[in-house]
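Report on the structure given below.
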Amino acid sequence: MSRSLALPHSPASVRARQRLREMAIEWALRACAFSAVAGLVLIVVFVFKEAWPILSNPETQKEASLAGFVATPLWQPVGEVPKYGLIPLLTGTVKVVLIAMLFAVPLSVLAAVYSSEFAPPRVREVLKPAIEMLAGIPSVVMGFFALMVLASWLQSVTHSPMRLNALTAGIALGLGIIPTIFTVAEDALRAVPRSFREASLGLGASAWQTAWHVSLPAASAGVGAGVLLGLGRAVGETMIVLMASGNAAITSADAFDSVRTLSASIAAELAEVVVGSPHYSTLFFLGALLFTVTFLINVAAGAFVERLRKRLAGA
Amino acid sequence: MSALGLPLVPLPELPRARRADWSGSGFTLLSAIAAGLIVLMVVVILGDVALNGWATVTWEFLAGAPREGMTKGGIFPAIYGTLLLVVLMVVALVPFGVGAAVWLHLYARQDSWFTKSVRFAVHNLAGVPSIVFGLFGLGFFIQFIGREMDRAMGLDVVWGQPALLWASLTLALLNLPVVIVTTEESLRTVARDQREASLALGATRWQTVRHVLLPQALPGILTGAILAVARGAGEVAPILFTGAAYFLPFLPKAPTDQFMELGYHVFVLATQSPDVDATRPLLYGTVMVLLALTFLLNLTAILLRSRLRARLLGRG
Amino acid sequence: MKRNPLILTLIAATLVTAPVLAGKAITVKGSDTMVILGQRWAEKYMNENAGQVIMVTGGGSGTGIAALINGTTDVCQSSRSMKQDEKLKLRDRYQTMGIEIPVAKDGLAVYVHTANPVKELTVEQLGEIYMGNVTNWKQVGGPDATIILYGRENSSGTYGFFKEHVLKNKDFSARVQTLPGTAAVVNAVAKDPNGIGYGGAAYAKGVRDVGMKKDAGAAAVLPTAATVKDGSYPLSRPLFFYLRKAPSGDTKKFVDWVLSAEGQKLAVEVGYFPLN
């Protein structure tokens with residue numbers, strides 16, 4: 001053990017100095033904890049600050065304004081008359097996220113149920129690492145795979161005129177969020193007390209009836225949290241959509257059309273803006289919008305986790 | 001029974017049992033197919049990369065610089081840049097992350113509003129989109145801090161532009177939640193009686209932390225750092241405007257330098273390379289190296305984590 | 001432990017030396033069309049001038065111009081000329097309207113899939129296609145199939161040049177799939193039998209150039225060294241270096257080399273066309 005333990009009968013001055021040191025350290029550690037809060041606050045401040053001219057500066061508003069965002073049908077920020085229409089970007093984001101969720105949620109939840117309820121241990125030993133590997137694939141690699149392989153394969157199957165479209169980006173995005181949803185859902189399912197399952201089985205229910213009517217409802221808050229976390233990630237994801245969606249600001253309901261999402265627009269255009277220009281402020285506005293949406297989703301997810309914790313602790 | 005909200009399950013009669021079994025096994029089969037599909041897709045992705053990339057990854061590829069418009073040569077500058085980036089990130093990140101976790105674990109009053117706001121911030125920081133971190137890096141580190149530094153030092157534009165320092169600080173903030181959460185998790189695995197024994201013997205809180213808790217929580221801290229490194233090496237959106245460059249003929253030495261990076265290199269080669277067919281092997285090779293790096297890191301983190309969990313379970 | 005004093009000392013040391021090192025490198029940013037050219041120039045120049053460091057980044061002409069105005073690059077590569085409002089912004093910050101130096105010529109090629117029977121288009125037809133008014137290949141002499149449009153991001157100088165000279169400043173169709181680089185456009189068209197794309201002539205591999213006609217009566221012209229030089233190719237354009245002030249010192253030596261016979265020869269090797 002340490003040799004510097006303070007013994008009860010040390011001189012008072014040593015103790016006082018030590019107490020001072022302890023207080024200083026505690027404040028240093030508190031500052032470290034505060035850095036997380038500071039970080040979040042700074043993000044909000046600086047992203048919203050650079051977006052603020054959209055709402056406050058009449059010079060900026062001549063070119064890019066809230067009204068313009070809603071009323072303009074096109075997104076063509078570079079040209080004689082810059083056009084900043086948000087509708088195509090919002091439509092694009094919603095389409096891709098919807099496809100991703102429709103693809104990922106059933107797969108992840110079903111696989112999580114399988115893993116926690118039915119799978120023999122040897123299968124779990126293959127499934128868990130596979131999910132971890134999927135989680136470890138950076139989104140740029142997923143986008144690369146979508147661009148090089150998935151798009152061509154999908155086009156040969158669907159004969160869609162546009163190779164890079166909402167479907168390609170959506171499926172790749174779905175692949176990217178499967179680990180998130182799966183991990184949280186599986187954790188929630190495994191946290192369901194054994195007594196629930198055993199009671200159900202004891203009453204004569206089969207394994208699947210137990211899973212469907214007992215475990216899943218009990219873990220529903222956790223599964224819900226996982227789905228929400230996946231949703232948040234899908235909304236904010238950039239590289240996959242940047243590489244695989246075609247980036248055409250089309251407003252349509254067609255899954256085979258290219259789309260341009262909010263995040264990809266920021267990524268594609270931020271390098272070319274002059275600091276302080278209306279285009280710059282608009283891109284930060286998009287960032288603020290993205291932040292707000294994902295923030296709300298995450299707060300909701302946190303609430304779900306709380307509910308899950310309370311429910312499982314209470315029972 | 002009804003308090004749990006369970007439907008009352010009827011005792012199976014023979015014909016009904018058979019019907020229930022069929023749909024039951026259907027559901028089971030469906031969920032098994034789901035799991036199988038996921039595994040299949042992972043195999044396809046990794047297989048495609050491995051098949052197309054293994055021939056490219058030679059020693060020259062790893063150690064050489066890109067030549068002739070990225071159609072030949074290697075990716076050493078990208079590997080070097082990535083390593084430098086994550087090293088700086090870890091140096092900035094770990095003290096803050098571990099400090100925060102230690103504070104949360106040992107010093108904080110769990111019901112105070114400050115503690116709650118810290119936990120809230122950690123949880124939500126984890127959910128901020130990576131592109132917003134990129135915007136933050138640009139708007140805060142480069143435009144604000146960097147410009148102020150330039151003004152204070154009377155320089156034209158040295159700090160107020162994309163640089164290694166700002167990119168690593170941005171990534172550090174991005175990964176702060178990971179380190180805090182894993183460190184706290186590992187601090188929790190250290191048995192309470194260790195902490196209480198130390199305090200009972202008269203050690204101060206900091207002495208307890210430094211000599212009892214941290215050494216035992218080290219695997220968890222490493223896990224967090226490794227996970228952060230894995231994520232930092234793979235994230236491209238935050239570094240798009242804060243420092244990554246397409247072609248640098250030299251290795252970054254100063255924190256104001258820009259740098260090549262593996263993930264960014266994949267992005268550029270896939271979308272902006274001058275000759276798509278010629279650079280395809282290099283592209284796949286780069287992807288393989290990046291994947292190998294992140295997988296190795298993740299694997300190490302997983303092994304460390306399972307050791308931690310075993311220790312936790314061993315406590316009973 | 002992570003708080004290794006050695007690492008901290010190293011960091012401190014590099015922080016001190018940073019401003020010293022930053023002075024030596026020349027940054028070149030901008031046009032994706034020109035990035036391979038800029039990179040090859042940089043590579044060759046650095047081989048011949050040890051100690052000189054040149055960093056080349058792409059991102060699009062708009063990116064380069066913005067970097068010039070933001071102060072984060074020495075030289076901007078652009079495949080279009082700077083707009084008046086950009087020059088004004090530059091003047092606001094740096095009291096200069098910028099120095100424009102043409103460094104090479106390029107033909108803006110129009111690519112189609114090698115199996116596409118359409119071999120020539122008028123500039124007006126091209127514009128109608130990209131504005132979304134002409135949507136089927138049969139309207140321009142091809143098969144009955146929807147035209148799939150590929151183009152560049154709005155940060156691209158090629159995008160800007162195309163909008164100005166082909167669309168006559170009208171809007172692109174929303175259905176243009178925007179790709180971040182010319183090579184991506186080429187790649188997309190090479191894989192898409194119904195695709196059409198545009199970009200620097202140097203990138204056209206695996207696709208076919210479409211002969212451009214100035215108007216319905218003219219002959220179709222393909223982008224070659226001769227036709228770009230004498231201007232008979234309707235979509236020839238100069239490629240520029242933009243600087244904040246007249247080049248001096250190391251930058252001047254590099255620019256002079258680019259304009260010299262050696263630099264111009266390299267431009268031809270890469271697939272562009274010399275100034276004269």
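Scheme for the structure tokens: letters A, B, ... for chains in order shown; per-chain residue numbers from 1; ligand numbers from 1 in order shown.
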| field | Distance filter 10 Å, only C-alpha atoms, chain A against chain C, as a PyMOL selection string | value | chain A and resi 73-83+88+147+152+161-165+242-251+257-260+265+268-277
| request: Name all residues at most 10 Å from Trp52 in chain A (count only C-alpha atoms; drop same-chain ones fewer than 3 positions away) and give them as number ranges by chain. | output: A: 46-49, 55-57, 60, 281-282, 284-285, 288
Within 6 Å of chain B, which residues of chain C show up? Give each one with its shortest atom-to-atom distance in Å (one decimal) and the two atoms involved, counting only C-alpha atoms, rows by chain then rising residue number, as a tab-separated table.
residue	atom	partner	partner_atom	distance
C:Thr14	CA	B:Ala254	CA	5.4
C:Ala18	CA	B:Ala254	CA	5.1
C:Ile36	CA	B:Gly69	CA	6.0
C:Met55	CA	B:Leu248	CA	5.1
C:Val56	CA	B:Phe247	CA	5.6
C:Thr57	CA	B:Tyr246	CA	5.2
C:Thr72	CA	B:Gln161	CA	5.9
C:Gly181	CA	B:Gln272	CA	4.4
C:Ala183	CA	B:Pro274	CA	5.5
C:Ala184	CA	B:Thr271	CA	5.1
| Which residues in range 24-270 of chain A does DSSP call helix (DSSP H, G or I)? List them as a PyMOL selection string. | chain A and resi 24-51+53-56+58-63+66-71+87-118+121-136+139-158+166-191+194-202+207-218+220-236+239-244+262-270
| field | Who sits within 8 Å of Val214 in chain A, only C-alpha atoms, same chain under 3 positions skipped, as number ranges by chain | value | A: 196-197, 200, 209-211, 217-218; B: 6
| request: Please identify every residue of chain B that has at least one atom no more than 6 Å from any atom of chain A, counting only C-alpha atoms, and report them as a list of chain:residue names. | output: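 Result, ordered by chain then number: B:Gly24, B:Ser31, B:Ala32, B:Ala34, B:Ala35, B:Val39, B:Phe96, B:Gly99, B:Ala100, B:Trp103, B:Val118, B:Ala121, B:Val122, B:Pro129, B:Val132, B:Phe136, B:Ala203, B:Gly234.
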Print the selection's residues with N, CA and C atoms to a file, as a short mmCIF file (atom, residue, chain, number, x, y, z; two decimals), in the first residue's frame.
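Resulting contents of again.cif:
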data_model
loop_
_atom_site.label_atom_id
_atom_site.label_comp_id
_atom_site.auth_asym_id
_atom_site.auth_seq_id
_atom_site.Cartn_x
_atom_site.Cartn_y
_atom_site.Cartn_z
N GLY B 24 -45.46 -20.84 -33.50
CA GLY B 24 -44.35 -20.57 -32.60
C GLY B 24 -43.02 -20.82 -33.27
N SER B 31 -37.04 -15.14 -36.30
CA SER B 31 -36.02 -14.43 -35.56
C SER B 31 -34.64 -15.02 -35.84
N ALA B 32 -34.61 -16.33 -36.07
CA ALA B 32 -33.32 -16.93 -36.42
C ALA B 32 -32.86 -16.44 -37.78
N ALA B 34 -33.57 -13.58 -39.07
CA ALA B 34 -33.10 -12.20 -38.88
C ALA B 34 -31.65 -12.20 -38.42
N ALA B 35 -31.39 -13.00 -37.40
CA ALA B 35 -30.02 -13.07 -36.89
C ALA B 35 -29.07 -13.55 -37.98
N VAL B 39 -25.70 -11.69 -39.75
CA VAL B 39 -24.37 -12.31 -39.83
C VAL B 39 -23.94 -12.40 -41.29
N PHE B 96 -9.42 14.29 -18.85
CA PHE B 96 -10.74 14.83 -18.57
C PHE B 96 -11.76 13.72 -18.33
N GLY B 99 -10.95 11.91 -15.04
CA GLY B 99 -11.24 12.83 -13.94
C GLY B 99 -12.73 12.96 -13.70
N ALA B 100 -13.47 13.10 -14.79
CA ALA B 100 -14.92 13.23 -14.65
C ALA B 100 -15.53 11.97 -14.04
N TRP B 103 -14.74 11.71 -10.39
CA TRP B 103 -15.57 12.64 -9.63
C TRP B 103 -16.98 12.10 -9.47
N VAL B 118 -24.41 16.79 -15.17
CA VAL B 118 -23.23 16.16 -15.78
C VAL B 118 -23.65 14.88 -16.49
N ALA B 121 -25.51 15.70 -19.58
CA ALA B 121 -24.60 16.16 -20.64
C ALA B 121 -23.87 14.98 -21.27
N VAL B 122 -23.40 14.05 -20.44
CA VAL B 122 -22.67 12.90 -20.98
C VAL B 122 -23.59 12.10 -21.90
N PRO B 129 -24.85 14.36 -33.50
CA PRO B 129 -24.35 13.86 -34.77
C PRO B 129 -22.91 14.27 -35.02
N VAL B 132 -22.26 17.61 -36.62
CA VAL B 132 -22.41 18.78 -35.75
C VAL B 132 -21.10 19.00 -34.98
N PHE B 136 -18.97 22.31 -34.91
CA PHE B 136 -18.46 22.86 -33.67
C PHE B 136 -16.96 23.09 -33.77
N ALA B 203 -6.74 7.14 4.70
CA ALA B 203 -6.32 7.75 3.44
C ALA B 203 -7.34 8.77 3.01
N GLY B 234 -12.02 6.13 -37.10
CA GLY B 234 -12.99 5.87 -38.14
C GLY B 234 -13.87 7.04 -38.51
#
| message | Can you pull out the residues contacting Ala226 in chain C? Cut-off 12 Å, using only C-alpha atoms, and skip same-chain residues under 5 positions away; I want them as a count of residues only. | response | 13
| Nearby residues (only C-alpha atoms) at most 10 Å from Asn52 in chain B, same-chain spacing under 6 positions excluded, as number ranges by chain | B: 280-285, 287-288
| task | Output as an NGL selection string all residues of range 190-238 of chain C that backbone DSSP marks as strand (DSSP E or B). | result | :C and (195-200 or 208-209 or 211-213 or 221 or 236-238)
Range 45-53 of chain C surroundings by only C-alpha atoms, 10 Å radius, close-in-sequence under 3 positions cut, as a CSV table (one decimal) with N, CA, C and O atoms, in the first residue's frame:
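In the end it all went to out_21.csv:
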chain,number,residue,atom,x,y,z
B,248,LEU,N,-0.8,15.4,-48.9
B,248,LEU,CA,0.2,16.2,-48.3
B,248,LEU,C,1.5,15.4,-48.5
B,248,LEU,O,1.7,14.3,-48.2
B,249,PRO,N,2.5,16.1,-49.1
B,249,PRO,CA,3.7,15.4,-49.4
B,249,PRO,C,4.6,15.2,-48.2
B,249,PRO,O,5.7,14.7,-48.3
B,250,PHE,N,4.2,15.7,-47.0
B,250,PHE,CA,5.1,15.6,-45.9
B,250,PHE,C,4.3,15.1,-44.7
B,250,PHE,O,3.0,15.1,-44.7
C,24,LYS,N,6.8,27.7,-44.2
C,24,LYS,CA,7.6,27.3,-45.4
C,24,LYS,C,6.6,26.7,-46.4
C,24,LYS,O,7.0,26.7,-47.6
C,25,ALA,N,5.5,26.1,-46.1
C,25,ALA,CA,4.7,25.4,-47.0
C,25,ALA,C,3.9,26.3,-47.9
C,25,ALA,O,3.4,27.3,-47.4
C,26,ILE,N,3.6,25.9,-49.1
C,26,ILE,CA,2.7,26.6,-50.0
C,26,ILE,C,1.4,25.7,-50.0
C,26,ILE,O,1.5,24.5,-50.3
C,27,THR,N,0.3,26.4,-49.6
C,27,THR,CA,-1.0,25.6,-49.7
C,27,THR,C,-1.7,25.9,-51.0
C,27,THR,O,-1.8,27.1,-51.4
C,39,GLN,N,-1.6,18.4,-58.0
C,39,GLN,CA,-0.9,17.4,-57.3
C,39,GLN,C,0.3,17.0,-58.1
C,39,GLN,O,1.4,16.8,-57.5
C,40,ARG,N,0.2,16.8,-59.4
C,40,ARG,CA,1.3,16.3,-60.2
C,40,ARG,C,2.3,17.4,-60.3
C,40,ARG,O,3.5,17.2,-60.3
C,41,TRP,N,1.8,18.7,-60.5
C,41,TRP,CA,2.8,19.8,-60.5
C,41,TRP,C,3.6,19.8,-59.2
C,41,TRP,O,4.8,20.0,-59.2
C,42,ALA,N,2.8,19.7,-58.1
C,42,ALA,CA,3.5,19.8,-56.8
C,42,ALA,C,4.5,18.7,-56.6
C,42,ALA,O,5.7,18.9,-56.2
C,56,VAL,N,-1.5,20.1,-51.5
C,56,VAL,CA,-2.6,20.3,-52.5
C,56,VAL,C,-3.9,19.6,-51.9
C,56,VAL,O,-3.9,18.5,-51.6
C,250,ASP,N,9.0,32.1,-52.7
C,250,ASP,CA,8.8,30.7,-53.1
C,250,ASP,C,7.6,30.5,-54.0
C,250,ASP,O,7.6,29.7,-54.9
C,251,THR,N,6.5,31.2,-53.6
C,251,THR,CA,5.3,31.0,-54.4
C,251,THR,C,5.5,31.5,-55.9
C,251,THR,O,5.1,30.8,-56.8
C,253,LYS,N,8.3,31.4,-57.5
C,253,LYS,CA,9.1,30.4,-58.2
C,253,LYS,C,8.2,29.3,-58.7
C,253,LYS,O,8.3,28.8,-59.8
C,254,PHE,N,7.3,28.8,-57.8
C,254,PHE,CA,6.4,27.7,-58.2
C,254,PHE,C,5.5,28.1,-59.3
C,254,PHE,O,5.3,27.4,-60.3
C,257,TRP,N,7.3,28.3,-62.6
C,257,TRP,CA,7.6,26.9,-63.1
C,257,TRP,C,6.3,26.3,-63.7
C,257,TRP,O,6.4,25.6,-64.7
C,258,VAL,N,5.2,26.5,-63.1
C,258,VAL,CA,3.9,26.0,-63.6
C,258,VAL,C,3.7,26.5,-65.1
C,258,VAL,O,3.2,25.8,-66.0
C,262,GLU,N,8.1,23.3,-68.9
C,262,GLU,CA,8.1,22.1,-68.2
C,262,GLU,C,6.7,21.8,-67.5
C,262,GLU,O,6.2,20.7,-67.6
C,263,GLY,N,6.2,22.9,-66.9
C,263,GLY,CA,5.0,22.8,-66.2
C,263,GLY,C,3.8,22.5,-67.2
C,263,GLY,O,2.9,21.7,-66.9
| message | At a cut-off of 8 Å, using only C-alpha atoms, what residues contact range 185-196 of chain B? Leave out same-chain residues fewer than 6 positions from it and give the result as a list in words. | response |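 Answer for this query is Val102, His105, Thr208, Val212, Leu213, Leu214, Gln216, Ala217, Leu218, Pro219, Gly220, Ile221, Leu308, Arg309, Arg311, Leu312 and Arg315 of chain B.
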Residues of the last selection are to be written out with all heavy atoms, as a compact mmCIF listing (two decimals), in the first residue's frame.
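Saved as out.txt:
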# COMPACT_ATOMS: atom_id res chain seq x y z
N VAL B 102 -14.06 9.71 -12.16
CA VAL B 102 -13.67 9.60 -10.75
C VAL B 102 -14.54 10.51 -9.90
O VAL B 102 -15.05 10.12 -8.84
CB VAL B 102 -12.17 9.97 -10.57
CG1 VAL B 102 -11.85 10.21 -9.11
CG2 VAL B 102 -11.29 8.89 -11.14
N HIS B 105 -17.95 9.09 -9.56
CA HIS B 105 -18.03 7.86 -8.79
C HIS B 105 -17.83 8.10 -7.31
O HIS B 105 -18.48 7.49 -6.46
CB HIS B 105 -16.97 6.88 -9.31
CG HIS B 105 -16.92 5.58 -8.58
ND1 HIS B 105 -17.88 4.61 -8.74
CD2 HIS B 105 -16.04 5.09 -7.68
CE1 HIS B 105 -17.60 3.57 -7.98
NE2 HIS B 105 -16.49 3.83 -7.32
N THR B 208 -6.97 7.43 -1.98
CA THR B 208 -7.70 6.20 -2.30
C THR B 208 -7.81 6.03 -3.80
O THR B 208 -7.58 4.96 -4.35
CB THR B 208 -9.11 6.24 -1.68
OG1 THR B 208 -9.00 6.60 -0.32
CG2 THR B 208 -9.81 4.92 -1.83
N VAL B 212 -5.57 3.06 -4.87
CA VAL B 212 -6.41 1.87 -4.77
C VAL B 212 -7.30 1.70 -5.99
O VAL B 212 -7.29 0.68 -6.66
CB VAL B 212 -7.29 1.93 -3.49
CG1 VAL B 212 -8.19 0.72 -3.41
CG2 VAL B 212 -6.38 2.03 -2.27
N LEU B 213 -8.10 2.74 -6.27
CA LEU B 213 -9.11 2.59 -7.32
C LEU B 213 -8.53 2.60 -8.72
O LEU B 213 -8.81 1.70 -9.51
CB LEU B 213 -10.15 3.72 -7.19
CG LEU B 213 -11.03 3.66 -5.95
CD1 LEU B 213 -12.00 4.82 -5.97
CD2 LEU B 213 -11.78 2.36 -5.87
N LEU B 214 -7.76 3.63 -9.03
CA LEU B 214 -7.29 3.76 -10.41
C LEU B 214 -6.46 2.57 -10.87
O LEU B 214 -6.68 2.06 -11.97
CB LEU B 214 -6.52 5.07 -10.59
CG LEU B 214 -7.39 6.31 -10.79
CD1 LEU B 214 -6.53 7.52 -11.05
CD2 LEU B 214 -8.36 6.12 -11.94
N GLN B 216 -6.69 -0.44 -10.07
CA GLN B 216 -7.56 -1.59 -10.33
C GLN B 216 -8.52 -1.30 -11.47
O GLN B 216 -9.01 -2.22 -12.12
CB GLN B 216 -8.35 -1.95 -9.08
CG GLN B 216 -7.44 -2.48 -7.99
CD GLN B 216 -8.24 -3.13 -6.89
OE1 GLN B 216 -9.00 -4.05 -7.13
NE2 GLN B 216 -8.06 -2.64 -5.68
N ALA B 217 -8.82 -0.04 -11.69
CA ALA B 217 -9.74 0.29 -12.77
C ALA B 217 -9.02 0.45 -14.09
O ALA B 217 -9.65 0.71 -15.12
CB ALA B 217 -10.49 1.58 -12.43
N LEU B 218 -7.72 0.28 -14.06
CA LEU B 218 -6.93 0.53 -15.28
C LEU B 218 -7.42 -0.23 -16.52
O LEU B 218 -7.51 0.36 -17.59
CB LEU B 218 -5.46 0.18 -15.01
CG LEU B 218 -4.45 0.91 -15.90
CD1 LEU B 218 -4.67 2.40 -15.83
CD2 LEU B 218 -3.04 0.57 -15.46
N PRO B 219 -7.77 -1.50 -16.41
CA PRO B 219 -8.28 -2.19 -17.61
C PRO B 219 -9.48 -1.47 -18.21
O PRO B 219 -9.58 -1.31 -19.42
CB PRO B 219 -8.68 -3.58 -17.11
CG PRO B 219 -7.98 -3.76 -15.82
CD PRO B 219 -7.69 -2.43 -15.26
N GLY B 220 -10.37 -1.00 -17.35
CA GLY B 220 -11.55 -0.29 -17.85
C GLY B 220 -11.20 1.02 -18.50
O GLY B 220 -11.77 1.40 -19.52
N ILE B 221 -10.23 1.72 -17.89
CA ILE B 221 -9.80 2.98 -18.49
C ILE B 221 -9.19 2.72 -19.85
O ILE B 221 -9.46 3.42 -20.83
CB ILE B 221 -8.79 3.69 -17.57
CG1 ILE B 221 -9.44 4.02 -16.22
CG2 ILE B 221 -8.26 4.94 -18.22
CD1 ILE B 221 -8.48 4.55 -15.20
N LEU B 308 -13.06 -7.51 -17.25
CA LEU B 308 -13.69 -6.68 -16.23
C LEU B 308 -14.99 -7.30 -15.74
O LEU B 308 -15.26 -7.36 -14.55
CB LEU B 308 -14.02 -5.31 -16.83
CG LEU B 308 -13.02 -4.19 -16.61
CD1 LEU B 308 -13.51 -2.97 -17.32
CD2 LEU B 308 -12.87 -3.91 -15.14
N ARG B 309 -15.81 -7.75 -16.72
CA ARG B 309 -17.10 -8.33 -16.35
C ARG B 309 -16.92 -9.58 -15.51
O ARG B 309 -17.66 -9.80 -14.56
CB ARG B 309 -17.91 -8.69 -17.62
CG ARG B 309 -18.37 -7.48 -18.39
CD ARG B 309 -19.88 -7.34 -18.40
NE ARG B 309 -20.27 -6.04 -18.92
CZ ARG B 309 -20.55 -5.80 -20.18
NH1 ARG B 309 -20.50 -6.78 -21.05
NH2 ARG B 309 -20.89 -4.59 -20.58
N ARG B 311 -14.51 -10.14 -13.56
CA ARG B 311 -14.16 -9.76 -12.21
C ARG B 311 -15.38 -9.31 -11.43
O ARG B 311 -15.56 -9.66 -10.27
CB ARG B 311 -13.13 -8.61 -12.25
CG ARG B 311 -12.56 -8.34 -10.88
CD ARG B 311 -12.22 -6.91 -10.70
NE ARG B 311 -11.01 -6.57 -11.43
CZ ARG B 311 -10.61 -5.32 -11.63
NH1 ARG B 311 -11.33 -4.33 -11.16
NH2 ARG B 311 -9.53 -5.07 -12.29
N LEU B 312 -16.27 -8.57 -12.15
CA LEU B 312 -17.48 -8.09 -11.48
C LEU B 312 -18.35 -9.26 -11.04
O LEU B 312 -18.86 -9.29 -9.93
CB LEU B 312 -18.26 -7.18 -12.43
CG LEU B 312 -19.56 -6.60 -11.86
CD1 LEU B 312 -19.26 -5.73 -10.67
CD2 LEU B 312 -20.30 -5.82 -12.92
N ARG B 315 -17.27 -11.18 -8.07
CA ARG B 315 -17.56 -10.62 -6.75
C ARG B 315 -18.86 -11.15 -6.19
O ARG B 315 -19.08 -11.17 -5.00
CB ARG B 315 -17.68 -9.09 -6.86
CG ARG B 315 -16.41 -8.45 -7.31
CD ARG B 315 -15.81 -7.56 -6.23
NE ARG B 315 -14.54 -7.03 -6.69
CZ ARG B 315 -13.42 -7.72 -6.64
NH1 ARG B 315 -13.42 -8.93 -6.16
NH2 ARG B 315 -12.31 -7.21 -7.09
